[in-house]
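See structure below.
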Amino acid sequence: MSLETLINIVSTESDESTKDVLICLNKILDEFGTNPFIDDDINEISTVGVLLCEKLYSDGLLQVSFSYSCNDLDEETESLSHNCKYCGEVLHESIDYHDVTRIYKFSRTSYDEILEYNYILNENKYFIPELYRNYDNLVNEIDNVVPFLGSGVSMPFNLPNWEGLLRGLEDFLSEEFHKKYYNELVSDGSYFEAFDLLLEKSMNVSNEDQLKDEIVQVISQANMDIADDEHNISDLIKLNSHYYISTNYDLIFEHFLTNEDGYNTPVCMDEIGNLRNISTTGNKVIHLHGHINRKSSMVVTKKDYSKLYSRKGILVQLAAILGNKSLLFIGFSFKDKFFNDIYDKLVNILKTHHYIVLFNPDLQEIRELNKKNIKVIGLRVNDGDYIDAIRTLINFIVRKVN
Ligand SMILES: [Zn+2]
């Protein structure tokens with residue numbers, strides 16, 4: 001019987017949805033892996049669990065053995081048709097005084113089979129059939145791909161994206177017509193112009209330093225206390241890229257990298273010249289626009305921005321580090337002018353194709369990006385499962401590469 005049929009049967013017999021049955025199965029897998037567990041453990045997870053395990057057992061996907069006690073002596077057996085080691089009675093005829101407990105265990109093979117089933121189910125859910133060529137190309141080239149992380153990646157930590165950051169500073173403008181123009185600039189994706197307007201017209205945030213202080217304050221309030229399945233940082237680390245580029249000011253990625261493979265210092269653009277061997281120095285993340293621990297590095301205004309990108313040397317150095325690598329943009333929206341601007345600048349120095357992860361892209365968007373040599377890695381998301389969708393993509397890459 002296929003796993004799909006099995007789940008359908010459990011669903012019919014228990015009156016639970018197939019979705020809930022699958023969730024229960026995954027909880028059991030997550031919790032116990034290939035370790036033994038008993039009925040009481042399953043009952044803690046879900047009421048449908050025991051029935052599910054029975055079906056998995058009859059289908060050969062789950063191993064069952066038994067533990068029993070006889071006059072306070074404990075023993076295990078493969079089958080209840082065996083005799084008690086101590087009193088000699090056949091166990092299934094004497095269950096009453098042997099206190100029998102079932103012990104379940106997934107074999108490595110069944111465990112992998114169920115994982116595989118889940119992967120494929122998720123791929124079918126999030127992947128767009130017309131784009132399989134792009135997914136496959138990305139997998140084939142992954143050693144030559146540098147992830148480029150945008151604000152979307154940090155949002156699960158309760159940080160705003162660019163737009164949200166700017167909207168949050170609106171109250172620093174006192175005149176209504178300034179607010180109105182400010183919001184138009186933000187809606188338009190003209191983020192640096194909006195920052196400039198703020199500096200020019202606000203009574204509280206009147207110089208760059210004060211503006212950066214405000215931004216640092218927002219960004220440093222990242223909520224790091226969220227569960228692993230609520231963000232994609234650990235998934236992105238699994239890509240095991242030599243380095244990552246980011247336009248984010250926050251240091252969330254470094255935080256997780258440091259936990260996984262030792263101390264990791266962020267790198268700003270003005271430092272990359274000294275880092276020829278960036279991949280061997282414990283510096284994995286290049287912050288194109290600086291980060292909150294070095295306020296002077298932060299690119300916040302049009303002036304900062306022009307200064308950064310007019311320094312030809314810096315882009316040449318970045319190009320030297322990136323070589324012929326392709327970029328994989330994650331956590332960006334291609335609709336904002338800001339992104340397109342950076343992309344055009346980078347693309348001039350990186351003459352190759354790139355990839356971008358986009359949710360629910362339309363055909364026209366895909367075509368237009370393709371003209372710019374950007375292959376769309378589209379993910380179909382209906383109910384806000386952005387994190388699960390990206391995790392599915394990364395699992396797909398990691399699985400195919402290994
Ligand atoms: Zn006995």
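Each chain in the structure tokens gets a letter, A, B, ..., in the order shown, and its residues are numbered from 1; ligands are numbered from 1 in order too.
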
Proximity check segment 51-147 of chain A to segment 34-46 of chain A, 6 Å, nearest pairs one decimal Å, only C-alpha atoms, as a tab-separated table:
```
residue	atom	partner	partner_atom	distance
A:Arg102	CA	A:Ile38	CA	5.9
A:Ile103	CA	A:Ile38	CA	4.9
A:Tyr104	CA	A:Phe37	CA	5.3
A:Lys105	CA	A:Pro36	CA	4.6
A:Phe106	CA	A:Thr34	CA	5.0
```

Problem set entry | Neighbourhood of ligand 1 at 8 Å, counting only C-alpha atoms and all ligand atoms, reported as a PyMOL selection string | chain A and resi 69-71+83-89+91+94+97-98

So which residues touch Lys337 of chain A within 10 Å, counting only C-alpha atoms, skipping near sequence neighbours fewer than 5 positions away, as a short mmCIF file (atom, residue, chain, number, x, y, z; two decimals) with N, CA and C atoms, in the first residue's frame?
```
data_model
loop_
_atom_site.label_atom_id
_atom_site.label_comp_id
_atom_site.auth_asym_id
_atom_site.auth_seq_id
_atom_site.Cartn_x
_atom_site.Cartn_y
_atom_site.Cartn_z
N ASP A 188 6.57 53.91 -3.74
CA ASP A 188 7.23 53.90 -5.04
C ASP A 188 8.53 53.10 -5.02
N GLY A 189 8.97 52.70 -3.84
CA GLY A 189 10.23 51.98 -3.71
C GLY A 189 11.43 52.91 -3.69
N SER A 190 11.18 54.22 -3.60
CA SER A 190 12.30 55.18 -3.58
C SER A 190 12.76 55.39 -2.14
N TYR A 191 13.37 54.37 -1.58
CA TYR A 191 13.66 54.36 -0.15
C TYR A 191 14.68 55.42 0.26
N ILE A 342 20.25 48.06 -7.50
CA ILE A 342 21.43 47.31 -7.05
C ILE A 342 21.75 46.20 -8.05
N TYR A 343 20.67 45.56 -8.50
CA TYR A 343 20.89 44.47 -9.42
C TYR A 343 21.61 44.94 -10.68
#
```

Exercise. Which neighbours of Phe66 of chain A fall inside 7 Å, counting only C-alpha atoms, when residues of the same chain fewer than 6 positions from it are skipped, and could you give them as an NGL selection string?
Worked result: :A and (76-79 or 100-103)

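Close contacts of Leu315 of chain A, defined as residues with an atom at most 10 Å away when counting only C-alpha atoms, with chain neighbours fewer than 3 positions off set aside, comprise Met269, Leu308, Tyr309, Ser310, Arg311, Lys312, Leu318, Ala319, Ala320, Ile321, Lys345, Leu346, Asn348, Ile349 and Leu350 of chain A.
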
Preceding selection exported with N, CA, C and O atoms as an mmCIF file, in the first residue's frame:
```
data_model
loop_
_atom_site.group_PDB
_atom_site.id
_atom_site.type_symbol
_atom_site.label_atom_id
_atom_site.label_comp_id
_atom_site.auth_asym_id
_atom_site.auth_seq_id
_atom_site.Cartn_x
_atom_site.Cartn_y
_atom_site.Cartn_z
ATOM 1 N N MET A 269 31.608 46.377 3.186
ATOM 2 C CA MET A 269 32.225 46.553 1.873
ATOM 3 C C MET A 269 33.611 47.177 1.947
ATOM 4 O O MET A 269 34.489 46.851 1.162
ATOM 5 N N LEU A 308 28.963 54.699 -2.051
ATOM 6 C CA LEU A 308 29.349 53.288 -2.099
ATOM 7 C C LEU A 308 29.499 52.798 -3.527
ATOM 8 O O LEU A 308 30.512 52.226 -3.905
ATOM 9 N N TYR A 309 28.467 53.060 -4.320
ATOM 10 C CA TYR A 309 28.485 52.466 -5.652
ATOM 11 C C TYR A 309 29.281 53.261 -6.672
ATOM 12 O O TYR A 309 29.523 52.786 -7.766
ATOM 13 N N SER A 310 29.679 54.484 -6.310
ATOM 14 C CA SER A 310 30.501 55.219 -7.279
ATOM 15 C C SER A 310 31.968 54.841 -7.093
ATOM 16 O O SER A 310 32.799 55.135 -7.936
ATOM 17 N N ARG A 311 32.263 54.206 -5.963
ATOM 18 C CA ARG A 311 33.645 53.772 -5.770
ATOM 19 C C ARG A 311 33.888 52.503 -6.577
ATOM 20 O O ARG A 311 33.649 51.399 -6.125
ATOM 21 N N LYS A 312 34.348 52.717 -7.791
ATOM 22 C CA LYS A 312 34.532 51.606 -8.708
ATOM 23 C C LYS A 312 35.319 50.477 -8.061
ATOM 24 O O LYS A 312 35.029 49.301 -8.222
ATOM 25 N N LEU A 318 34.480 43.341 -5.104
ATOM 26 C CA LEU A 318 33.371 42.405 -4.915
ATOM 27 C C LEU A 318 33.329 41.412 -6.072
ATOM 28 O O LEU A 318 33.170 40.210 -5.873
ATOM 29 N N ALA A 319 33.515 41.943 -7.267
ATOM 30 C CA ALA A 319 33.501 41.076 -8.447
ATOM 31 C C ALA A 319 34.623 40.052 -8.377
ATOM 32 O O ALA A 319 34.448 38.891 -8.753
ATOM 33 N N ALA A 320 35.775 40.493 -7.860
ATOM 34 C CA ALA A 320 36.917 39.581 -7.769
ATOM 35 C C ALA A 320 36.601 38.431 -6.813
ATOM 36 O O ALA A 320 36.939 37.280 -7.066
ATOM 37 N N ILE A 321 35.932 38.768 -5.713
ATOM 38 C CA ILE A 321 35.564 37.725 -4.760
ATOM 39 C C ILE A 321 34.499 36.801 -5.340
ATOM 40 O O ILE A 321 34.549 35.588 -5.189
ATOM 41 N N LYS A 345 23.555 47.408 -11.050
ATOM 42 C CA LYS A 345 24.949 47.732 -10.773
ATOM 43 C C LYS A 345 25.799 46.465 -10.654
ATOM 44 O O LYS A 345 26.905 46.372 -11.171
ATOM 45 N N LEU A 346 25.256 45.489 -9.976
ATOM 46 C CA LEU A 346 26.012 44.250 -9.778
ATOM 47 C C LEU A 346 26.169 43.470 -11.069
ATOM 48 O O LEU A 346 27.211 42.871 -11.340
ATOM 49 N N ASN A 348 26.448 44.481 -13.994
ATOM 50 C CA ASN A 348 27.501 44.982 -14.875
ATOM 51 C C ASN A 348 28.859 44.394 -14.560
ATOM 52 O O ASN A 348 29.717 44.284 -15.427
ATOM 53 N N ILE A 349 29.046 44.050 -13.270
ATOM 54 C CA ILE A 349 30.344 43.490 -12.920
ATOM 55 C C ILE A 349 30.314 41.964 -12.898
ATOM 56 O O ILE A 349 31.326 41.312 -12.924
ATOM 57 N N LEU A 350 29.121 41.393 -12.857
ATOM 58 C CA LEU A 350 29.003 39.936 -12.819
ATOM 59 C C LEU A 350 28.289 39.480 -14.084
ATOM 60 O O LEU A 350 27.077 39.415 -14.128
#
```

Taking only C-alpha atoms into account, produce a table as JSON lines in which each residue of segment 243-267 of chain A with an atom at most 9 Å from an atom of segment 210-222 of chain A appears once, together with its shortest atom pair and the distance in Å to one decimal, ordered by chain and rising number.
```
{"residue": "A:Tyr249", "atom": "CA", "partner": "A:Ile219", "partner_atom": "CA", "distance": 7.3}
{"residue": "A:Asp250", "atom": "CA", "partner": "A:Ile219", "partner_atom": "CA", "distance": 6.1}
{"residue": "A:Leu251", "atom": "CA", "partner": "A:Ser220", "partner_atom": "CA", "distance": 8.8}
{"residue": "A:Ile252", "atom": "CA", "partner": "A:Ala222", "partner_atom": "CA", "distance": 8.2}
```

Selected residues, N, CA, C and O atoms, written as a PDB file, in the first residue's frame, please.
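Below is the file out_24.pdb, written as the result:
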```
ATOM      1  N   TYR A 249      20.855  45.106   7.615  1.00  0.00           N
ATOM      2  CA  TYR A 249      21.703  45.696   8.664  1.00  0.00           C
ATOM      3  C   TYR A 249      21.860  44.753   9.863  1.00  0.00           C
ATOM      4  O   TYR A 249      22.752  44.907  10.673  1.00  0.00           O
ATOM      5  N   ASP A 250      20.936  43.815   9.991  1.00  0.00           N
ATOM      6  CA  ASP A 250      20.952  42.978  11.192  1.00  0.00           C
ATOM      7  C   ASP A 250      22.039  41.908  11.095  1.00  0.00           C
ATOM      8  O   ASP A 250      22.585  41.646  10.023  1.00  0.00           O
ATOM      9  N   LEU A 251      22.338  41.300  12.252  1.00  0.00           N
ATOM     10  CA  LEU A 251      23.407  40.298  12.323  1.00  0.00           C
ATOM     11  C   LEU A 251      22.851  38.924  12.697  1.00  0.00           C
ATOM     12  O   LEU A 251      23.522  38.105  13.326  1.00  0.00           O
ATOM     13  N   ILE A 252      21.611  38.692  12.289  1.00  0.00           N
ATOM     14  CA  ILE A 252      20.941  37.435  12.653  1.00  0.00           C
ATOM     15  C   ILE A 252      21.658  36.227  12.044  1.00  0.00           C
ATOM     16  O   ILE A 252      21.870  35.214  12.699  1.00  0.00           O
TER      17      ILE A 252
END
```
